[in-house]
Amino acid sequence: AQERIETLKTLLNRYSYEYYVLDKPSISDKEYDQQYQELERLEKTHPELITTDSPTQRIGGTILPGFTKVQHDSPMLSLGNAFNQEELLQFHQRISKLTDQPLQYICELKIDGLAVSLKYENGLFIQGATRGDGNTGEDITQNLRTVKAIPLRLNEPLTFEVRGECYMPKASFVQLNTDRDEKGLEIFANPRNAAAGSLRQLDSSVAASRNLSIYLYSATNFEQLVVETQDALLNRLAQVGLRTNPERRLFDSIEEVWAFTEEIAAKRKELPYDIDGIVIKVNAFAAQEEIGYTVKAPRWAIAYKFKA
Ligand SMILES: COc1nc2nc(N)nc(N)c2nc1C
């Protein structure tokens, strides 16, 4: 039974990765369900063989009395904003003075969700927390374990923390509000509120029903990943099994960055998730370190915000 249980866990976690992280399922839902039910049956008769990274353990058995506080190892920062081309240019001129290194920018979408931190120990997902005030957040591990795009075990036994945006896809938002309206429940104003409301639930079976997803965009104590740029970091996060947003681009001039913001503004409504802007970052970590930080935000990044 142990052999079969290990095989099923490996298979089901891989299928889940293909479906929820890569958006490229390799088997039908029916086949997945059959193998999932076989694992449930085996674990029922051999409970001593149940492990935390089993796909059957995503929904916690208990309703929490409240959320405990989590002190972030390093502050979860905020971002400076730019609202027009002039302010984007000023950002570029400001940081050009702070480094002699050539400035290559990486542009990433700013997903309109909830910033979260995920801690992995030897590859196992052990803790998830909200940003909170940047220094202290809330432990929402139980709820984040229900987000199928979050792997319970990485492809490598890494110990580090990753940060990203947990969000509700537009389609899930529409479906949720339709269901709530039919039940005479209050509907959510937007996907960001719906995602925040889902992650604030003390009963993880509610979060599990909300089809949340996630994109990761940074990591701490990632020396072990041996990466020198933001773009290489994102590729490495994807390699270990984490979900990263594919709509990112590298540019060598702020003019091209501006053109990219216009390109995304035009296709924003077709995206399957809400975005509230573009995050522009200096790509090379060496240049980021040289440019540095203000008290609450990196100087080497800026959020170009779209009109609401
Ligand atoms: C480096 O710090 C950050 N990077 C980010 N990147 C993306 N794509 N989206 C964010 N919301 C974001 N937020 C922060 C504080």
# chains A, B, ... in the order shown; residues from 1 in each chain; ligands from 1

$ residues_near_ligand --ligand "ligand 1" --cutoff "7 Å" --atoms "only C-alpha atoms and all ligand atoms" --output "number ranges by chain"
A: 76-79, 108-111, 115, 164-165, 217-218, 279, 298, 301

$ residues_around --residues "stretch 66-75 of chain A" --least-positions-apart "5" --cutoff "10 Å" --atoms "only C-alpha atoms" --output "compact mmCIF listing (two decimals) with N, CA and C atoms, in the first residue's frame"
# COMPACT_ATOMS: atom_id res chain seq x y z
N SER A 117 3.14 35.80 1.26
CA SER A 117 4.48 35.22 1.40
C SER A 117 4.33 33.72 1.63
N GLN A 127 4.53 27.47 5.50
CA GLN A 127 3.80 28.62 6.05
C GLN A 127 3.44 29.62 4.97
N GLY A 128 2.22 30.16 5.08
CA GLY A 128 1.79 31.22 4.17
C GLY A 128 1.24 32.37 4.98
N ALA A 129 1.55 33.60 4.56
CA ALA A 129 1.10 34.76 5.33
C ALA A 129 0.71 35.93 4.44
N THR A 130 -0.15 36.78 4.97
CA THR A 130 -0.52 38.01 4.25
C THR A 130 0.60 39.04 4.45
N ARG A 131 0.59 40.11 3.66
CA ARG A 131 1.62 41.16 3.80
C ARG A 131 1.41 41.91 5.12
N GLY A 132 0.09 42.12 5.45
CA GLY A 132 -0.19 42.88 6.68
C GLY A 132 0.34 44.30 6.54
N ASP A 133 1.06 44.79 7.55
CA ASP A 133 1.59 46.17 7.48
C ASP A 133 2.99 46.19 6.88
N GLY A 134 3.39 45.03 6.33
CA GLY A 134 4.73 44.96 5.72
C GLY A 134 5.71 44.26 6.64
N ASN A 135 5.53 44.44 7.96
CA ASN A 135 6.42 43.77 8.91
C ASN A 135 5.72 42.57 9.56
N THR A 136 4.42 42.75 9.88
CA THR A 136 3.65 41.68 10.53
C THR A 136 2.42 41.36 9.69
N GLY A 137 2.28 40.09 9.35
CA GLY A 137 1.10 39.67 8.59
C GLY A 137 0.34 38.62 9.37
N GLU A 138 -0.65 38.00 8.73
CA GLU A 138 -1.44 36.95 9.38
C GLU A 138 -1.12 35.60 8.76
N ASP A 139 -1.10 34.58 9.63
CA ASP A 139 -0.81 33.23 9.16
C ASP A 139 -2.06 32.67 8.47
N ILE A 140 -2.03 32.57 7.15
CA ILE A 140 -3.17 32.01 6.41
C ILE A 140 -2.74 30.73 5.69
N THR A 141 -1.83 29.98 6.32
CA THR A 141 -1.33 28.74 5.71
C THR A 141 -2.47 27.82 5.28
N GLN A 142 -3.42 27.60 6.18
CA GLN A 142 -4.54 26.68 5.89
C GLN A 142 -5.25 27.08 4.60
N GLU A 161 11.90 31.68 1.02
CA GLU A 161 10.58 32.31 1.06
C GLU A 161 10.34 32.95 -0.30
N ARG A 200 -9.48 35.50 4.03
CA ARG A 200 -9.71 35.91 5.43
C ARG A 200 -10.65 34.94 6.14
N GLN A 201 -11.07 33.89 5.41
CA GLN A 201 -12.01 32.92 6.01
C GLN A 201 -11.29 32.03 7.01
N LEU A 202 -11.94 31.76 8.15
CA LEU A 202 -11.32 30.88 9.15
C LEU A 202 -11.60 29.41 8.83
N ASP A 203 -12.55 29.18 7.92
CA ASP A 203 -12.88 27.82 7.50
C ASP A 203 -12.26 27.61 6.11
N THR A 220 13.33 35.42 -1.17
CA THR A 220 14.37 35.93 -0.27
C THR A 220 15.32 34.75 0.00
N ASN A 221 16.46 35.05 0.56
CA ASN A 221 17.57 34.07 0.75
C ASN A 221 17.62 33.11 -0.42
N LYS A 296 10.52 52.57 2.65
CA LYS A 296 9.44 51.59 2.47
C LYS A 296 9.38 50.96 1.08
N ALA A 297 10.25 51.39 0.15
CA ALA A 297 10.10 50.82 -1.19
C ALA A 297 11.47 50.71 -1.88

$ residues_around --residues "A:Leu89" --least-positions-apart "5" --cutoff "10 Å" --atoms "only C-alpha atoms" --output "PyMOL selection string"
chain A and resi 82+84+94+254-255+257-258

$ write_last_selection --atoms "N, CA and C atoms" --output "PDB file, in the first residue's frame"
ATOM      1  N   ALA A  82       3.950  55.540 -10.598  1.00  0.00           N
ATOM      2  CA  ALA A  82       4.025  56.534 -11.684  1.00  0.00           C
ATOM      3  C   ALA A  82       2.675  56.476 -12.387  1.00  0.00           C
ATOM      4  N   ASN A  84       1.948  58.564 -15.238  1.00  0.00           N
ATOM      5  CA  ASN A  84       1.986  59.022 -16.636  1.00  0.00           C
ATOM      6  C   ASN A  84       3.410  58.888 -17.171  1.00  0.00           C
ATOM      7  N   ARG A  94      16.088  59.552 -12.472  1.00  0.00           N
ATOM      8  CA  ARG A  94      16.493  59.494 -11.061  1.00  0.00           C
ATOM      9  C   ARG A  94      17.480  58.336 -10.849  1.00  0.00           C
ATOM     10  N   ILE A 254      13.776  53.258 -21.617  1.00  0.00           N
ATOM     11  CA  ILE A 254      12.516  53.596 -20.951  1.00  0.00           C
ATOM     12  C   ILE A 254      11.438  53.884 -21.999  1.00  0.00           C
ATOM     13  N   GLU A 255      11.867  54.240 -23.217  1.00  0.00           N
ATOM     14  CA  GLU A 255      10.889  54.471 -24.289  1.00  0.00           C
ATOM     15  C   GLU A 255      10.168  53.161 -24.633  1.00  0.00           C
ATOM     16  N   VAL A 257       9.833  50.707 -22.605  1.00  0.00           N
ATOM     17  CA  VAL A 257       8.987  50.371 -21.446  1.00  0.00           C
ATOM     18  C   VAL A 257       7.638  51.074 -21.586  1.00  0.00           C
ATOM     19  N   TRP A 258       7.692  52.358 -21.995  1.00  0.00           N
ATOM     20  CA  TRP A 258       6.458  53.122 -22.147  1.00  0.00           C
ATOM     21  C   TRP A 258       5.568  52.472 -23.216  1.00  0.00           C
TER      22      TRP A 258
END

$ closest_residue --among "A:Ala265, A:Ile95, A:Leu124, A:Val21" --to "A:Lys281" --atoms "only C-alpha atoms"
A:Ile95

$ select_by_dssp --residues "stretch 181-270 of chain A" --states "strand (DSSP E)" --output "mmCIF file with C-alpha atoms, in the first residue's frame"
data_model
loop_
_atom_site.group_PDB
_atom_site.id
_atom_site.type_symbol
_atom_site.label_atom_id
_atom_site.label_comp_id
_atom_site.auth_asym_id
_atom_site.auth_seq_id
_atom_site.Cartn_x
_atom_site.Cartn_y
_atom_site.Cartn_z
ATOM 1 C CA SER A 213 -4.675 31.251 -8.128
ATOM 2 C CA ILE A 214 -1.261 32.872 -7.671
ATOM 3 C CA TYR A 215 1.742 34.368 -9.475
ATOM 4 C CA LEU A 216 5.105 34.491 -7.648
ATOM 5 C CA TYR A 217 7.506 37.337 -8.364
ATOM 6 C CA SER A 218 10.252 37.432 -5.743
ATOM 7 C CA ALA A 219 12.205 35.320 -3.325
ATOM 8 C CA THR A 220 14.372 35.927 -0.267
ATOM 9 C CA ARG A 249 9.458 41.486 -21.104
ATOM 10 C CA LEU A 250 13.008 42.887 -20.991
ATOM 11 C CA PHE A 251 13.839 46.332 -22.419
#

$ residues_around --residues "A:Gly241" --least-positions-apart "4" --cutoff "7 Å" --atoms "only C-alpha atoms" --output "PyMOL selection string"
chain A and resi 151+154-155+237

$ closest_residue --among "A:Cys166, A:Leu64, A:Val226, A:Ile50" --to "A:Arg192" --atoms "only C-alpha atoms"
A:Cys166

$ atom_distance --atom1 "atom CA of A:Pro169" --atom2 "atom CA of A:Asp23"
12.8 Å

$ closest_residue --among "A:Leu233, A:Leu176, A:Leu12, A:Glu262" --to "A:Glu31" --atoms "only C-alpha atoms"
A:Leu12

$ atom_distance --atom1 "atom CA of A:Tyr20" --atom2 "atom CA of A:Leu39"
19.6 Å

$ select_by_dssp --residues "stretch 108-304 of chain A" --states "alpha helix (DSSP H)" --output "PyMOL selection string"
chain A and resi 141-145+170-182+191-199+204-208+230-239+254-267+285-291

$ residues_around --residues "stretch 24-28 of chain A" --least-positions-apart "5" --cutoff "12 Å" --atoms "only C-alpha atoms" --output "list of chain:residue names"
A:Leu11, A:Leu12, A:Asn13, A:Arg14, A:Tyr15, A:Ser16, A:Tyr17, A:Glu18, A:Tyr19, A:Asp33, A:Gln34, A:Gln35

$ closest_residue --among "A:Leu271, A:Ala259, A:Ala1, A:Ile63" --to "A:Asn245" --atoms "only C-alpha atoms"
A:Leu271

$ residues_around --residues "A:Glu43" --least-positions-apart "5" --cutoff "10 Å" --atoms "only C-alpha atoms" --output "short mmCIF file (atom, residue, chain, number, x, y, z; two decimals) with all heavy atoms, in the first residue's frame"
data_model
loop_
_atom_site.label_atom_id
_atom_site.label_comp_id
_atom_site.auth_asym_id
_atom_site.auth_seq_id
_atom_site.Cartn_x
_atom_site.Cartn_y
_atom_site.Cartn_z
N ALA A 1 0.85 -1.22 0.00
CA ALA A 1 0.00 0.00 0.00
C ALA A 1 0.87 1.24 0.00
O ALA A 1 0.59 2.20 -0.72
CB ALA A 1 -0.90 0.01 1.24
N GLN A 2 1.99 1.23 0.76
CA GLN A 2 2.84 2.43 0.83
C GLN A 2 3.37 2.79 -0.56
O GLN A 2 3.35 3.96 -0.95
CB GLN A 2 4.04 2.17 1.77
CG GLN A 2 5.01 3.33 1.78
CD GLN A 2 5.62 3.57 3.15
OE1 GLN A 2 5.59 2.70 4.01
NE2 GLN A 2 6.15 4.77 3.36
N ILE A 5 0.62 4.32 -2.58
CA ILE A 5 0.30 5.66 -2.06
C ILE A 5 1.34 6.66 -2.57
O ILE A 5 1.00 7.74 -3.08
CB ILE A 5 0.24 5.66 -0.51
CG1 ILE A 5 -1.06 4.99 -0.04
CG2 ILE A 5 0.35 7.08 0.04
CD1 ILE A 5 -1.21 4.91 1.47
N GLN A 37 -9.53 9.40 -5.81
CA GLN A 37 -10.38 8.58 -4.94
C GLN A 37 -9.66 7.32 -4.47
O GLN A 37 -9.80 6.90 -3.32
CB GLN A 37 -11.69 8.23 -5.65
CG GLN A 37 -12.70 9.39 -5.63
CD GLN A 37 -13.57 9.45 -6.87
OE1 GLN A 37 -13.78 8.42 -7.51
NE2 GLN A 37 -14.05 10.63 -7.21
N GLU A 38 -8.81 6.76 -5.34
CA GLU A 38 -8.04 5.57 -4.92
C GLU A 38 -7.09 5.95 -3.77
O GLU A 38 -7.00 5.25 -2.77
CB GLU A 38 -7.23 5.01 -6.11
CG GLU A 38 -6.50 3.72 -5.74
CD GLU A 38 -5.49 3.27 -6.80
OE1 GLU A 38 -5.50 3.85 -7.92
OE2 GLU A 38 -4.69 2.36 -6.50
N GLU A 48 -1.73 6.14 8.94
CA GLU A 48 -0.36 6.43 9.39
C GLU A 48 0.54 6.78 8.20
O GLU A 48 1.63 7.30 8.35
CB GLU A 48 0.21 5.23 10.17
CG GLU A 48 0.60 4.03 9.33
CD GLU A 48 -0.63 3.25 8.81
OE1 GLU A 48 -1.78 3.62 9.17
OE2 GLU A 48 -0.42 2.33 8.00
N LEU A 49 0.03 6.54 6.98
CA LEU A 49 0.85 6.83 5.79
C LEU A 49 0.53 8.19 5.17
O LEU A 49 1.08 8.56 4.14
CB LEU A 49 0.66 5.72 4.74
CG LEU A 49 1.11 4.32 5.18
CD1 LEU A 49 0.83 3.29 4.10
CD2 LEU A 49 2.62 4.34 5.50
N ILE A 50 -0.39 8.93 5.83
CA ILE A 50 -0.78 10.25 5.28
C ILE A 50 0.34 11.25 5.54
O ILE A 50 0.88 11.34 6.65
CB ILE A 50 -2.09 10.74 5.93
CG1 ILE A 50 -3.28 9.84 5.52
CG2 ILE A 50 -2.38 12.19 5.51
CD1 ILE A 50 -4.60 10.19 6.18
N THR A 51 0.73 12.01 4.48
CA THR A 51 1.77 13.06 4.66
C THR A 51 1.18 14.42 4.29
O THR A 51 0.21 14.50 3.53
CB THR A 51 2.97 12.79 3.72
OG1 THR A 51 2.46 12.77 2.38
CG2 THR A 51 3.63 11.45 4.05
N SER A 54 0.32 15.37 0.69
CA SER A 54 -0.66 14.59 -0.09
C SER A 54 -1.74 15.53 -0.61
O SER A 54 -2.22 16.39 0.15
CB SER A 54 -1.30 13.52 0.80
OG SER A 54 -2.40 12.94 0.08
N THR A 56 -4.66 15.12 -0.81
CA THR A 56 -5.90 14.98 -0.03
C THR A 56 -5.88 15.87 1.21
O THR A 56 -6.86 15.99 1.92
CB THR A 56 -6.08 13.53 0.47
OG1 THR A 56 -4.97 13.24 1.36
CG2 THR A 56 -6.11 12.55 -0.68
#

$ atom_distance --atom1 "atom CA of A:Ala266" --atom2 "atom CA of A:Phe306"
10.8 Å

$ closest_residue --among "A:Val206, A:Ile280, A:Leu98, A:Leu225" --to "A:Tyr293" --atoms "only C-alpha atoms"
A:Leu98

$ decode --residues "stretch 266-295 of chain A" --atoms "N, CA and C atoms" --output "PDB file, in the first residue's frame"
ATOM      1  N   ALA A 266      -3.881  48.194 -23.839  1.00  0.00           N
ATOM      2  CA  ALA A 266      -4.816  47.867 -24.926  1.00  0.00           C
ATOM      3  C   ALA A 266      -5.364  46.450 -24.778  1.00  0.00           C
ATOM      4  N   LYS A 267      -4.570  45.539 -24.193  1.00  0.00           N
ATOM      5  CA  LYS A 267      -5.059  44.146 -24.120  1.00  0.00           C
ATOM      6  C   LYS A 267      -5.532  43.765 -22.717  1.00  0.00           C
ATOM      7  N   ARG A 268      -5.590  44.745 -21.828  1.00  0.00           N
ATOM      8  CA  ARG A 268      -5.915  44.493 -20.412  1.00  0.00           C
ATOM      9  C   ARG A 268      -7.253  43.770 -20.259  1.00  0.00           C
ATOM     10  N   LYS A 269      -8.262  44.194 -21.042  1.00  0.00           N
ATOM     11  CA  LYS A 269      -9.593  43.616 -20.811  1.00  0.00           C
ATOM     12  C   LYS A 269      -9.656  42.168 -21.279  1.00  0.00           C
ATOM     13  N   GLU A 270      -8.686  41.752 -22.148  1.00  0.00           N
ATOM     14  CA  GLU A 270      -8.722  40.346 -22.596  1.00  0.00           C
ATOM     15  C   GLU A 270      -7.989  39.427 -21.624  1.00  0.00           C
ATOM     16  N   LEU A 271      -7.234  40.008 -20.687  1.00  0.00           N
ATOM     17  CA  LEU A 271      -6.490  39.139 -19.757  1.00  0.00           C
ATOM     18  C   LEU A 271      -7.453  38.387 -18.855  1.00  0.00           C
ATOM     19  N   PRO A 272      -7.181  37.150 -18.469  1.00  0.00           N
ATOM     20  CA  PRO A 272      -8.091  36.359 -17.626  1.00  0.00           C
ATOM     21  C   PRO A 272      -8.045  36.742 -16.155  1.00  0.00           C
ATOM     22  N   TYR A 273      -7.347  37.853 -15.839  1.00  0.00           N
ATOM     23  CA  TYR A 273      -7.256  38.312 -14.448  1.00  0.00           C
ATOM     24  C   TYR A 273      -7.142  39.832 -14.473  1.00  0.00           C
ATOM     25  N   ASP A 274      -7.492  40.462 -13.347  1.00  0.00           N
ATOM     26  CA  ASP A 274      -7.397  41.923 -13.260  1.00  0.00           C
ATOM     27  C   ASP A 274      -5.957  42.340 -13.002  1.00  0.00           C
ATOM     28  N   ILE A 275      -5.537  43.399 -13.682  1.00  0.00           N
ATOM     29  CA  ILE A 275      -4.233  43.996 -13.338  1.00  0.00           C
ATOM     30  C   ILE A 275      -4.483  45.468 -13.049  1.00  0.00           C
ATOM     31  N   ASP A 276      -3.655  46.069 -12.174  1.00  0.00           N
ATOM     32  CA  ASP A 276      -3.825  47.511 -11.937  1.00  0.00           C
ATOM     33  C   ASP A 276      -2.597  48.279 -12.408  1.00  0.00           C
ATOM     34  N   GLY A 277      -1.675  47.580 -13.081  1.00  0.00           N
ATOM     35  CA  GLY A 277      -0.539  48.320 -13.633  1.00  0.00           C
ATOM     36  C   GLY A 277       0.555  47.386 -14.112  1.00  0.00           C
ATOM     37  N   ILE A 278       1.688  48.007 -14.333  1.00  0.00           N
ATOM     38  CA  ILE A 278       2.895  47.270 -14.750  1.00  0.00           C
ATOM     39  C   ILE A 278       3.970  47.579 -13.715  1.00  0.00           C
ATOM     40  N   VAL A 279       4.729  46.583 -13.296  1.00  0.00           N
ATOM     41  CA  VAL A 279       5.842  46.837 -12.381  1.00  0.00           C
ATOM     42  C   VAL A 279       7.125  46.816 -13.202  1.00  0.00           C
ATOM     43  N   ILE A 280       7.835  47.946 -13.162  1.00  0.00           N
ATOM     44  CA  ILE A 280       9.082  48.069 -13.911  1.00  0.00           C
ATOM     45  C   ILE A 280      10.237  47.968 -12.927  1.00  0.00           C
ATOM     46  N   LYS A 281      11.179  47.054 -13.201  1.00  0.00           N
ATOM     47  CA  LYS A 281      12.290  46.827 -12.274  1.00  0.00           C
ATOM     48  C   LYS A 281      13.605  46.827 -13.034  1.00  0.00           C
ATOM     49  N   VAL A 282      14.642  47.290 -12.344  1.00  0.00           N
ATOM     50  CA  VAL A 282      15.983  47.102 -12.894  1.00  0.00           C
ATOM     51  C   VAL A 282      16.235  45.596 -12.833  1.00  0.00           C
ATOM     52  N   ASN A 283      16.668  45.003 -13.937  1.00  0.00           N
ATOM     53  CA  ASN A 283      16.741  43.547 -14.031  1.00  0.00           C
ATOM     54  C   ASN A 283      17.919  42.951 -13.251  1.00  0.00           C
ATOM     55  N   ALA A 284      19.069  43.608 -13.283  1.00  0.00           N
ATOM     56  CA  ALA A 284      20.290  43.027 -12.672  1.00  0.00           C
ATOM     57  C   ALA A 284      20.297  43.276 -11.160  1.00  0.00           C
ATOM     58  N   PHE A 285      20.511  42.213 -10.379  1.00  0.00           N
ATOM     59  CA  PHE A 285      20.506  42.352  -8.910  1.00  0.00           C
ATOM     60  C   PHE A 285      21.646  43.253  -8.451  1.00  0.00           C
ATOM     61  N   ALA A 286      22.785  43.207  -9.146  1.00  0.00           N
ATOM     62  CA  ALA A 286      23.934  44.052  -8.737  1.00  0.00           C
ATOM     63  C   ALA A 286      23.534  45.529  -8.837  1.00  0.00           C
ATOM     64  N   ALA A 287      22.848  45.887  -9.910  1.00  0.00           N
ATOM     65  CA  ALA A 287      22.405  47.289 -10.077  1.00  0.00           C
ATOM     66  C   ALA A 287      21.314  47.617  -9.057  1.00  0.00           C
ATOM     67  N   GLN A 288      20.425  46.664  -8.755  1.00  0.00           N
ATOM     68  CA  GLN A 288      19.386  46.902  -7.743  1.00  0.00           C
ATOM     69  C   GLN A 288      20.059  47.263  -6.410  1.00  0.00           C
ATOM     70  N   GLU A 289      21.077  46.493  -6.039  1.00  0.00           N
ATOM     71  CA  GLU A 289      21.753  46.734  -4.738  1.00  0.00           C
ATOM     72  C   GLU A 289      22.405  48.107  -4.727  1.00  0.00           C
ATOM     73  N   GLU A 290      22.980  48.480  -5.872  1.00  0.00           N
ATOM     74  CA  GLU A 290      23.677  49.777  -5.935  1.00  0.00           C
ATOM     75  C   GLU A 290      22.659  50.920  -5.813  1.00  0.00           C
ATOM     76  N   ILE A 291      21.497  50.748  -6.460  1.00  0.00           N
ATOM     77  CA  ILE A 291      20.471  51.802  -6.449  1.00  0.00           C
ATOM     78  C   ILE A 291      19.765  51.850  -5.093  1.00  0.00           C
ATOM     79  N   GLY A 292      19.533  50.673  -4.521  1.00  0.00           N
ATOM     80  CA  GLY A 292      19.054  50.619  -3.136  1.00  0.00           C
ATOM     81  C   GLY A 292      17.571  50.854  -2.917  1.00  0.00           C
ATOM     82  N   TYR A 293      17.262  51.219  -1.662  1.00  0.00           N
ATOM     83  CA  TYR A 293      15.871  51.259  -1.190  1.00  0.00           C
ATOM     84  C   TYR A 293      15.603  52.584  -0.460  1.00  0.00           C
ATOM     85  N   THR A 294      14.339  53.005  -0.451  1.00  0.00           N
ATOM     86  CA  THR A 294      13.951  54.066   0.496  1.00  0.00           C
ATOM     87  C   THR A 294      13.461  53.313   1.744  1.00  0.00           C
ATOM     88  N   VAL A 295      12.878  54.012   2.696  1.00  0.00           N
ATOM     89  CA  VAL A 295      12.447  53.337   3.928  1.00  0.00           C
ATOM     90  C   VAL A 295      11.422  52.251   3.600  1.00  0.00           C
TER      91      VAL A 295
END
